[in-house]
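Report on the following structure.
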Amino acid sequence: SEAVETAVMMARQYFVEIGQPRRKKVIGRRASYHGAGLTGLGIGYQVARRTPFEEVLPSVFHISPCYEYRGRLEGETPEQYGLRVANELEQAILGLGPETVMAFVAETVTGTTNGATPPVPGYFKRIREICDKYGVLLVLDEVFCGLGRTGTLHACEQDGVAPDFLTFAKGIAAGYQPIGATMVNQKIYDAIVSGSGTFKGGYTYSGHATACAAAVAVQKFLRADGFLENV
């Protein structure tokens, strides 16, 4: 929850820092989960979890998930299906106004809503193209699927896609300590450092020494020779 919220907050601060304060809208996907806080519930779309809080959730526009089992049409190849649902993002951006859209948030591999559902080939490459075309930041949530679970350290490596933000947690410390993290690309980092100089977010136990020590130990294990090749 905190990792995703941090990514959204940092995305907003990035656009304020570079002089585009109108960019504040977020696009998510139906049948998705991004945490139990209000930000995560608003971006995600688990109806049972959202319902009691609908009146206070942030306004987020949602597009179709990449769920081939339910969504692919007869006679449509997986690649054609992926392009069709990815193009919903472009339609949403144009409908909302490209100059107002801040970020698109998605799980690289869908977790608790549809089971472990990987995207079809090419889906996230098209998503990345659309985000680049309209200056929208791409946030990939790998709290469920990251850190080696797909055979690469990050699941987005499977499709050769680099997001602007990458979130992960849970397995980062192998369950020994609660910890999450948000990775950002150089563009985001440079804009904040050369602007106000500090990120305006943070939590009471951010950077907890014991949790970080556990996380570092797990990362060393994940990077050991031959480990990921056997996943």
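Ordering of the structure tokens sets the chain letters (A, B, ...); residue numbers start at 1 within each chain; ligands are numbered from 1 in the order shown.
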
What's around region 166-173 of chain A at 8 Å? Count only C-alpha atoms, leave out sequence neighbours fewer than 2 positions away in its own chain, and write the answer as a PDB file with N, CA and C atoms, in the first residue's frame.
ATOM      1  N   ALA A   3       4.024   1.530  -0.838  1.00  0.00           N
ATOM      2  CA  ALA A   3       4.871   1.620  -2.029  1.00  0.00           C
ATOM      3  C   ALA A   3       4.112   2.250  -3.190  1.00  0.00           C
ATOM      4  N   VAL A   4       2.866   1.827  -3.393  1.00  0.00           N
ATOM      5  CA  VAL A   4       2.055   2.379  -4.483  1.00  0.00           C
ATOM      6  C   VAL A   4       1.713   3.834  -4.199  1.00  0.00           C
ATOM      7  N   ALA A   7       4.624   5.999  -4.987  1.00  0.00           N
ATOM      8  CA  ALA A   7       4.804   6.198  -6.427  1.00  0.00           C
ATOM      9  C   ALA A   7       3.854   7.265  -6.954  1.00  0.00           C
ATOM     10  N   VAL A 139       3.516   3.357 -13.927  1.00  0.00           N
ATOM     11  CA  VAL A 139       3.787   2.757 -12.621  1.00  0.00           C
ATOM     12  C   VAL A 139       3.431   1.279 -12.697  1.00  0.00           C
ATOM     13  N   LEU A 140       4.408   0.408 -12.524  1.00  0.00           N
ATOM     14  CA  LEU A 140       4.147  -1.027 -12.497  1.00  0.00           C
ATOM     15  C   LEU A 140       4.259  -1.530 -11.061  1.00  0.00           C
ATOM     16  N   ASP A 141       3.204  -2.175 -10.628  1.00  0.00           N
ATOM     17  CA  ASP A 141       3.109  -2.693  -9.267  1.00  0.00           C
ATOM     18  C   ASP A 141       3.519  -4.164  -9.273  1.00  0.00           C
ATOM     19  N   GLU A 142       4.675  -4.455  -8.676  1.00  0.00           N
ATOM     20  CA  GLU A 142       5.167  -5.831  -8.621  1.00  0.00           C
ATOM     21  C   GLU A 142       5.268  -6.334  -7.180  1.00  0.00           C
ATOM     22  N   VAL A 143       4.407  -5.805  -6.333  1.00  0.00           N
ATOM     23  CA  VAL A 143       4.364  -6.286  -4.953  1.00  0.00           C
ATOM     24  C   VAL A 143       4.053  -7.778  -4.928  1.00  0.00           C
ATOM     25  N   PHE A 144       3.171  -8.209  -5.804  1.00  0.00           N
ATOM     26  CA  PHE A 144       2.771  -9.619  -5.873  1.00  0.00           C
ATOM     27  C   PHE A 144       3.739 -10.464  -6.697  1.00  0.00           C
ATOM     28  N   GLY A 146       6.941  -9.573  -8.232  1.00  0.00           N
ATOM     29  CA  GLY A 146       8.334  -9.211  -8.462  1.00  0.00           C
ATOM     30  C   GLY A 146       9.336 -10.036  -7.685  1.00  0.00           C
ATOM     31  N   LEU A 147      10.598  -9.663  -7.823  1.00  0.00           N
ATOM     32  CA  LEU A 147      11.711 -10.249  -7.080  1.00  0.00           C
ATOM     33  C   LEU A 147      11.873 -11.741  -7.334  1.00  0.00           C
ATOM     34  N   PRO A 163       9.506   0.654 -16.591  1.00  0.00           N
ATOM     35  CA  PRO A 163       8.540   1.652 -16.136  1.00  0.00           C
ATOM     36  C   PRO A 163       9.238   2.881 -15.566  1.00  0.00           C
ATOM     37  N   ASP A 164       8.453   3.898 -15.253  1.00  0.00           N
ATOM     38  CA  ASP A 164       8.988   5.069 -14.566  1.00  0.00           C
ATOM     39  C   ASP A 164       9.078   4.819 -13.060  1.00  0.00           C
ATOM     40  N   GLY A 175       9.404 -12.225   4.146  1.00  0.00           N
ATOM     41  CA  GLY A 175       8.417 -12.345   5.201  1.00  0.00           C
ATOM     42  C   GLY A 175       8.944 -12.133   6.605  1.00  0.00           C
ATOM     43  N   TYR A 176      10.238 -11.919   6.749  1.00  0.00           N
ATOM     44  CA  TYR A 176      10.809 -11.753   8.089  1.00  0.00           C
ATOM     45  C   TYR A 176      10.513 -10.375   8.684  1.00  0.00           C
ATOM     46  N   GLN A 177      10.371  -9.385   7.826  1.00  0.00           N
ATOM     47  CA  GLN A 177      10.041  -8.036   8.265  1.00  0.00           C
ATOM     48  C   GLN A 177       9.113  -7.411   7.225  1.00  0.00           C
ATOM     49  N   PRO A 178       8.120  -6.612   7.646  1.00  0.00           N
ATOM     50  CA  PRO A 178       7.287  -5.904   6.673  1.00  0.00           C
ATOM     51  C   PRO A 178       8.072  -4.753   6.053  1.00  0.00           C
ATOM     52  N   ILE A 179       8.180  -4.752   4.749  1.00  0.00           N
ATOM     53  CA  ILE A 179       8.914  -3.690   4.059  1.00  0.00           C
ATOM     54  C   ILE A 179       8.447  -3.618   2.611  1.00  0.00           C
ATOM     55  N   GLY A 180       8.382  -2.425   2.091  1.00  0.00           N
ATOM     56  CA  GLY A 180       8.076  -2.205   0.684  1.00  0.00           C
ATOM     57  C   GLY A 180       9.034  -1.170   0.137  1.00  0.00           C
ATOM     58  N   ALA A 181       9.073  -1.049  -1.172  1.00  0.00           N
ATOM     59  CA  ALA A 181       9.995  -0.094  -1.790  1.00  0.00           C
ATOM     60  C   ALA A 181       9.426   0.405  -3.110  1.00  0.00           C
ATOM     61  N   THR A 182       9.859   1.575  -3.495  1.00  0.00           N
ATOM     62  CA  THR A 182       9.473   2.175  -4.769  1.00  0.00           C
ATOM     63  C   THR A 182      10.736   2.585  -5.506  1.00  0.00           C
ATOM     64  N   MET A 183      10.942   2.018  -6.680  1.00  0.00           N
ATOM     65  CA  MET A 183      12.071   2.406  -7.525  1.00  0.00           C
ATOM     66  C   MET A 183      11.603   3.457  -8.523  1.00  0.00           C
ATOM     67  N   VAL A 184      12.469   4.415  -8.821  1.00  0.00           N
ATOM     68  CA  VAL A 184      12.141   5.455  -9.796  1.00  0.00           C
ATOM     69  C   VAL A 184      13.258   5.539 -10.827  1.00  0.00           C
ATOM     70  N   ALA A 211      14.392  -4.047   9.027  1.00  0.00           N
ATOM     71  CA  ALA A 211      13.721  -4.458   7.797  1.00  0.00           C
ATOM     72  C   ALA A 211      14.659  -4.341   6.603  1.00  0.00           C
ATOM     73  N   CYS A 212      15.427  -3.264   6.551  1.00  0.00           N
ATOM     74  CA  CYS A 212      16.363  -3.072   5.439  1.00  0.00           C
ATOM     75  C   CYS A 212      17.460  -4.130   5.450  1.00  0.00           C
ATOM     76  N   ALA A 214      17.163  -7.204   6.529  1.00  0.00           N
ATOM     77  CA  ALA A 214      16.553  -8.429   6.010  1.00  0.00           C
ATOM     78  C   ALA A 214      16.414  -8.357   4.494  1.00  0.00           C
ATOM     79  N   ALA A 215      16.013  -7.197   3.992  1.00  0.00           N
ATOM     80  CA  ALA A 215      15.842  -7.033   2.548  1.00  0.00           C
ATOM     81  C   ALA A 215      17.166  -7.173   1.807  1.00  0.00           C
ATOM     82  N   VAL A 216      18.226  -6.598   2.345  1.00  0.00           N
ATOM     83  CA  VAL A 216      19.543  -6.707   1.708  1.00  0.00           C
ATOM     84  C   VAL A 216      19.994  -8.162   1.659  1.00  0.00           C
ATOM     85  N   ALA A 217      19.758  -8.899   2.734  1.00  0.00           N
ATOM     86  CA  ALA A 217      20.147 -10.312   2.764  1.00  0.00           C
ATOM     87  C   ALA A 217      19.405 -11.108   1.695  1.00  0.00           C
ATOM     88  N   VAL A 218      18.118 -10.813   1.523  1.00  0.00           N
ATOM     89  CA  VAL A 218      17.328 -11.512   0.499  1.00  0.00           C
ATOM     90  C   VAL A 218      17.827 -11.165  -0.898  1.00  0.00           C
ATOM     91  N   GLN A 219      18.158  -9.894  -1.131  1.00  0.00           N
ATOM     92  CA  GLN A 219      18.644  -9.492  -2.458  1.00  0.00           C
ATOM     93  C   GLN A 219      19.951 -10.203  -2.807  1.00  0.00           C
TER      94      GLN A 219
END

Original post:
as number ranges by chain, which residues of region 21-227 of chain A does DSSP assign to alpha helix (DSSP H)?
Top reply: A: 38-43, 47-50, 68-71, 78-96, 123-134, 186-194, 209-222

Subject >> Counting only C-alpha atoms, the option among A:Val47, A:Ala191, A:Ala86, A:Val136 closest to Glu99 (chain A) >> reply: A:Val136

Using only C-alpha atoms, which protein or nucleic acid residues come within 9 Å of region 72-79 of chain A? Drop anything in the same chain fewer than 3 positions from it, and give the result as a CSV table (one decimal) with N, CA and C atoms, in the first residue's frame.
chain,number,residue,atom,x,y,z
A,67,TYR,N,-6.7,-9.7,-19.6
A,67,TYR,CA,-7.2,-11.0,-19.1
A,67,TYR,C,-7.7,-11.8,-20.2
A,68,GLU,N,-6.7,-12.5,-20.9
A,68,GLU,CA,-7.0,-13.2,-22.1
A,68,GLU,C,-8.1,-14.2,-22.0
A,69,TYR,N,-8.1,-14.9,-20.9
A,69,TYR,CA,-9.1,-16.0,-20.7
A,69,TYR,C,-10.5,-15.6,-20.8
A,82,GLY,N,-4.1,-8.2,-27.0
A,82,GLY,CA,-3.3,-7.3,-26.2
A,82,GLY,C,-3.2,-5.9,-26.7
A,83,LEU,N,-3.1,-5.7,-28.0
A,83,LEU,CA,-3.1,-4.4,-28.6
A,83,LEU,C,-4.5,-3.7,-28.4
A,84,ARG,N,-5.5,-4.5,-28.6
A,84,ARG,CA,-6.9,-3.9,-28.4
A,84,ARG,C,-7.1,-3.4,-27.0
A,120,VAL,N,-0.5,-10.8,-22.1
A,120,VAL,CA,-0.1,-11.4,-23.4
A,120,VAL,C,1.1,-10.7,-23.9
A,121,PRO,N,1.9,-11.4,-24.8
A,121,PRO,CA,3.1,-10.8,-25.4
A,121,PRO,C,2.8,-9.4,-26.1
A,122,GLY,N,3.6,-8.4,-25.8
A,122,GLY,CA,3.5,-7.2,-26.5
A,122,GLY,C,2.5,-6.2,-25.8
A,123,TYR,N,1.8,-6.6,-24.8
A,123,TYR,CA,0.8,-5.7,-24.2
A,123,TYR,C,1.5,-4.5,-23.5

Subject >> Surrounding residues of Thr6 (chain A) excluding itself and chain neighbours under 3 positions, 10 Å, only C-alpha atoms, as a PyMOL selection string >> reply: chain A and resi 1-3+9-12+39+165+167+181-183+199-203

Once you have the residues from the selection above, write them out as a PDB file, in the first residue's frame, restricted to N, CA and C atoms.
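Produced file result-v5.pdb, reproduced below:
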ATOM      1  N   SER A   1       0.823  -1.206   0.000  1.00  0.00           N
ATOM      2  CA  SER A   1       0.000   0.000   0.000  1.00  0.00           C
ATOM      3  C   SER A   1       0.861   1.261   0.000  1.00  0.00           C
ATOM      4  N   GLU A   2       1.856   1.299   0.880  1.00  0.00           N
ATOM      5  CA  GLU A   2       2.709   2.479   0.979  1.00  0.00           C
ATOM      6  C   GLU A   2       3.594   2.641  -0.246  1.00  0.00           C
ATOM      7  N   ALA A   3       4.024   1.530  -0.838  1.00  0.00           N
ATOM      8  CA  ALA A   3       4.871   1.620  -2.029  1.00  0.00           C
ATOM      9  C   ALA A   3       4.112   2.250  -3.190  1.00  0.00           C
ATOM     10  N   MET A   9       2.353   9.688  -5.220  1.00  0.00           N
ATOM     11  CA  MET A   9       2.746  10.985  -4.671  1.00  0.00           C
ATOM     12  C   MET A   9       3.958  11.550  -5.402  1.00  0.00           C
ATOM     13  N   MET A  10       4.927  10.696  -5.673  1.00  0.00           N
ATOM     14  CA  MET A  10       6.134  11.158  -6.348  1.00  0.00           C
ATOM     15  C   MET A  10       5.838  11.556  -7.793  1.00  0.00           C
ATOM     16  N   ALA A  11       4.919  10.843  -8.437  1.00  0.00           N
ATOM     17  CA  ALA A  11       4.517  11.217  -9.793  1.00  0.00           C
ATOM     18  C   ALA A  11       3.901  12.611  -9.798  1.00  0.00           C
ATOM     19  N   ARG A  12       3.044  12.866  -8.821  1.00  0.00           N
ATOM     20  CA  ARG A  12       2.433  14.187  -8.721  1.00  0.00           C
ATOM     21  C   ARG A  12       3.493  15.253  -8.462  1.00  0.00           C
ATOM     22  N   THR A  39      -5.695   5.361  -1.388  1.00  0.00           N
ATOM     23  CA  THR A  39      -5.098   5.528  -2.716  1.00  0.00           C
ATOM     24  C   THR A  39      -5.106   4.216  -3.477  1.00  0.00           C
ATOM     25  N   PHE A 165       8.141   4.022 -12.558  1.00  0.00           N
ATOM     26  CA  PHE A 165       8.135   3.609 -11.155  1.00  0.00           C
ATOM     27  C   PHE A 165       7.909   2.108 -11.094  1.00  0.00           C
ATOM     28  N   THR A 167       7.128  -0.790  -8.049  1.00  0.00           N
ATOM     29  CA  THR A 167       6.907  -1.027  -6.626  1.00  0.00           C
ATOM     30  C   THR A 167       7.041  -2.507  -6.305  1.00  0.00           C
ATOM     31  N   ALA A 181       9.073  -1.049  -1.172  1.00  0.00           N
ATOM     32  CA  ALA A 181       9.995  -0.094  -1.790  1.00  0.00           C
ATOM     33  C   ALA A 181       9.426   0.405  -3.110  1.00  0.00           C
ATOM     34  N   THR A 182       9.859   1.575  -3.495  1.00  0.00           N
ATOM     35  CA  THR A 182       9.473   2.175  -4.769  1.00  0.00           C
ATOM     36  C   THR A 182      10.736   2.585  -5.506  1.00  0.00           C
ATOM     37  N   MET A 183      10.942   2.018  -6.680  1.00  0.00           N
ATOM     38  CA  MET A 183      12.071   2.406  -7.525  1.00  0.00           C
ATOM     39  C   MET A 183      11.603   3.457  -8.523  1.00  0.00           C
ATOM     40  N   PHE A 199      11.813  14.756  -1.624  1.00  0.00           N
ATOM     41  CA  PHE A 199      10.495  14.161  -1.813  1.00  0.00           C
ATOM     42  C   PHE A 199       9.656  14.465  -0.582  1.00  0.00           C
ATOM     43  N   LYS A 200       8.418  14.860  -0.785  1.00  0.00           N
ATOM     44  CA  LYS A 200       7.583  15.337   0.315  1.00  0.00           C
ATOM     45  C   LYS A 200       6.835  14.220   1.045  1.00  0.00           C
ATOM     46  N   GLY A 201       7.097  12.964   0.699  1.00  0.00           N
ATOM     47  CA  GLY A 201       6.421  11.861   1.366  1.00  0.00           C
ATOM     48  C   GLY A 201       7.300  11.197   2.406  1.00  0.00           C
ATOM     49  N   GLY A 202       6.805  10.076   2.939  1.00  0.00           N
ATOM     50  CA  GLY A 202       7.561   9.334   3.941  1.00  0.00           C
ATOM     51  C   GLY A 202       6.660   8.894   5.081  1.00  0.00           C
ATOM     52  N   TYR A 203       7.068   7.833   5.779  1.00  0.00           N
ATOM     53  CA  TYR A 203       6.259   7.259   6.848  1.00  0.00           C
ATOM     54  C   TYR A 203       7.107   7.067   8.102  1.00  0.00           C
TER      55      TYR A 203
END

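Summary of the local environment: counting only C-alpha atoms, residues at most 12 Å from Thr150 (chain A), other than itself and those fewer than 6 positions away along its chain, are Thr108, Val109, Ala116, Thr117, Pro118, Glu142, Phe144, Cys156, Glu157, Gln158, Asp159, Leu228, Glu229, Asn230 and Val231 of chain A.
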
Let's have the selection written as a compact mmCIF listing (two decimals), in the first residue's frame, with C-alpha atoms.
# COMPACT_ATOMS: atom_id res chain seq x y z
CA THR A 108 2.66 -6.51 -14.27
CA VAL A 109 1.14 -9.89 -13.36
CA ALA A 116 -1.69 -15.16 -11.27
CA THR A 117 -2.52 -13.76 -14.72
CA PRO A 118 0.44 -12.73 -16.91
CA GLU A 142 5.17 -5.83 -8.62
CA PHE A 144 2.77 -9.62 -5.87
CA CYS A 156 8.52 -6.41 -16.47
CA GLU A 157 11.85 -7.71 -17.79
CA GLN A 158 9.90 -10.54 -19.43
CA ASP A 159 8.47 -8.06 -21.94
CA LEU A 228 16.91 -17.18 -10.88
CA GLU A 229 17.78 -19.56 -13.72
CA ASN A 230 16.12 -22.31 -11.70
CA VAL A 231 12.86 -20.47 -11.02

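Each of A:His154, A:Lys133, A:His62, A:Arg49 was checked against Gly35 (chain A) using only C-alpha atoms; the smallest atom-to-atom distance is that of A:Arg49.
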
Using only C-alpha atoms, determine which residues lie at most 7 Å from Ser64 (chain A), disregarding the query and same-chain residues fewer than 4 positions distant; provide the list as a short mmCIF file (atom, residue, chain, number, x, y, z; two decimals) with C-alpha atoms, in the first residue's frame.
data_model
loop_
_atom_site.label_atom_id
_atom_site.label_comp_id
_atom_site.auth_asym_id
_atom_site.auth_seq_id
_atom_site.Cartn_x
_atom_site.Cartn_y
_atom_site.Cartn_z
CA ARG A 29 -7.46 -1.13 -14.50
CA ARG A 30 -10.54 -3.05 -13.50
CA VAL A 85 -7.04 -3.67 -24.65
#

**OP:** Determine the nearest neighbour of Glu5 (chain A) from the options A:Leu137, A:Leu57, A:Ile43, A:Ser194, counting only C-alpha atoms.
**Re:** A:Ile43

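The shortest atom-to-atom distance to Glu107 (chain A), with only C-alpha atoms taken into account, belongs to A:Ala155 out of A:Ala92, A:Ile63, A:Ile188, A:Ala155.
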
Subject >> Nearby residues (only C-alpha atoms) at most 10 Å from Arg22 (chain A), same-chain spacing under 6 positions excluded, as a ChimeraX atom specification >> reply: /A:12,15-16,98-102

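For the pair CA of Gly111 (chain A) and CA of Gly40 (chain A), the separation is 13.9 Å.
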
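Distances to Gly37 (chain A) were evaluated for A:Arg149, A:Tyr205, A:Phe53, A:Lys24 using only C-alpha atoms, and the minimum falls at A:Phe53.
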
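Interatomic distance, CA of Gly28 (chain A) to CA of Ala103 (chain A): 8.6 Å.
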
Subject >> For CA of Thr210 (chain A) and CA of Gln13 (chain A), the interatomic separation in Å (one decimal) >> reply: 29.1 Å

Original post:
Which parts of region 99-222 of chain A does DSSP call strand (DSSP E) when run on the backbone here, written out as a ChimeraX atom specification?
Top reply: /A:101-107,137-141,165-168,181-184

Write the residues of the preceding selection, restricted to C-alpha atoms, as a PDB file, in the first residue's frame.
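Listed below is the output, selection-v6.pdb:
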ATOM      1  CA  VAL A 101      -3.214  12.724 -16.984  1.00  0.00           C
ATOM      2  CA  MET A 102      -0.411  11.996 -14.545  1.00  0.00           C
ATOM      3  CA  ALA A 103       0.067   8.230 -14.441  1.00  0.00           C
ATOM      4  CA  PHE A 104      -1.131   4.781 -15.456  1.00  0.00           C
ATOM      5  CA  VAL A 105      -0.869   2.134 -12.737  1.00  0.00           C
ATOM      6  CA  ALA A 106      -0.982  -1.618 -13.391  1.00  0.00           C
ATOM      7  CA  GLU A 107       0.147  -4.910 -11.915  1.00  0.00           C
ATOM      8  CA  LEU A 137       4.190   8.117 -16.241  1.00  0.00           C
ATOM      9  CA  LEU A 138       4.029   4.315 -16.082  1.00  0.00           C
ATOM     10  CA  VAL A 139       3.787   2.757 -12.621  1.00  0.00           C
ATOM     11  CA  LEU A 140       4.147  -1.027 -12.497  1.00  0.00           C
ATOM     12  CA  ASP A 141       3.109  -2.693  -9.267  1.00  0.00           C
ATOM     13  CA  PHE A 165       8.135   3.609 -11.155  1.00  0.00           C
ATOM     14  CA  LEU A 166       8.389   0.017  -9.949  1.00  0.00           C
ATOM     15  CA  THR A 167       6.907  -1.027  -6.626  1.00  0.00           C
ATOM     16  CA  PHE A 168       7.647  -4.182  -4.687  1.00  0.00           C
ATOM     17  CA  ALA A 181       9.995  -0.094  -1.790  1.00  0.00           C
ATOM     18  CA  THR A 182       9.473   2.175  -4.769  1.00  0.00           C
ATOM     19  CA  MET A 183      12.071   2.406  -7.525  1.00  0.00           C
ATOM     20  CA  VAL A 184      12.141   5.455  -9.796  1.00  0.00           C
TER      21      VAL A 184
END
